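A.B. asks: Got a structure for you, written out below as structure tokens; questions coming shortly.
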Amino acid sequence: MTDRQAEDIMQSGLARLQIKGYRRLRDVDLTLRPLNVLIGANGSGKSSVLEVIQLLSRSADGKMASILWEAGGFHSVITMDKSVENLHIELDYVIDEEIFHYTINALLKGLSYRID
């Protein structure tokens, strides 16, 4: 691998992930690097962070409804105490030194949800 290839790897990828209202993740803002390690007690939200990344990936493919259905529905993924009625996710992704910002805001609406 050349120095330029190594530099490109370091400058591309997930840069920041903000999650509000997903399972136990009430308000999380992560600065991401090329290698990230999630450490914590059982039930602290490590798997939820990975689920959110999968949700983002599937939503980009137009399959957000299917991933929410697989997770038990929108009601089962919003914050556990149910005091939060929306799910807000933001992602910054860097490609060739350019930052791309992706946002999902899903609001509880009756027995379903609405995406803004």
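The way I read the labels, and the way they are meant: chains A, B, ... in the order of the structure tokens, residue 1 as the first residue of every chain, and ligand 1 as the first ligand shown, with later ones counted on from there.
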Among chain A, which residues carry a DSSP assignment of alpha helix (DSSP H), reported as a PyMOL selection string?
C.D. replies: chain A and resi 3-11+46-60+64-70+74-77
A.B. asks: Env of Asp92 in chain A: 10 Å cut, atoms = only C-alpha atoms, seq-sep filter 5 positions within chain, self excluded. Answer as a ChimeraX atom specification.
C.D. replies: /A:13-18,31-32,98-103
A.B. asks: Using only C-alpha atoms, find the one residue out of A:Ala71, A:Leu38, A:Ile19, A:Ile53 that sits nearest to Asn86 in chain A.
C.D. replies: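 Counting only C-alpha atoms, the residue closest to Asn86 in chain A is A:Ile19.
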A.B. asks: Which is closest to Ser47 in chain A among A:Lys63, A:Arg23, A:Arg33, A:Lys109, if we use only C-alpha atoms?
C.D. replies: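 Closest residue, counting only C-alpha atoms: A:Arg23.
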A.B. asks: Do you have the CA of Leu25 in chain A-CA of Gly45 in chain A distance handy?
C.D. replies: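 Interatomic distance, CA of Leu25 in chain A to CA of Gly45 in chain A: 6.4 Å.
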A.B. asks: Determine which residues of range 63-108 of chain A receive a DSSP assignment of strand (DSSP E or B), computed from the backbone, and state them as number ranges by chain.
C.D. replies: A: 78, 86-95, 98-108
A.B. asks: Quick one: residues within 12 Å of Arg114 in chain A, only C-alpha atoms counted, chain neighbours fewer than 2 positions away excluded, as a PyMOL selection string?
C.D. replies: chain A and resi 64-65+74+85-88+104-112+116
A.B. asks: Which of these, A:Thr79, A:Ser48, A:Ser66, A:Asn36, has the shortest distance to Lys20 in chain A once you count only C-alpha atoms?
C.D. replies: A:Thr79
A.B. asks: Just want the 12 Å neighbourhood of Glu70 in chain A, counted on only C-alpha atoms, with same-chain residues fewer than 6 positions away dropped. Output as a PyMOL selection string.
C.D. replies: chain A and resi 51+54-55+58+63-64+76-77
A.B. asks: What does the distance from CA of Val49 in chain A to CA of Asp61 in chain A come to in Å, to one decimal?
C.D. replies: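 Answer for the CA of Val49 in chain A to CA of Asp61 in chain A separation: 19.0 Å.
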A.B. asks: Just the number, please: distance in Å from CA of Gly62 in chain A to CA of Ile89 in chain A, one decimal.
C.D. replies: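 Atom-to-atom, CA of Gly62 in chain A to CA of Ile89 in chain A, that is 15.8 Å.
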A.B. asks: Out of A:Ser44, A:Pro34, A:Ile115, A:Leu56, which residue has the shortest atom-to-atom distance to Ser12 in chain A when counting only C-alpha atoms?
C.D. replies: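 Closest candidate: A:Pro34.
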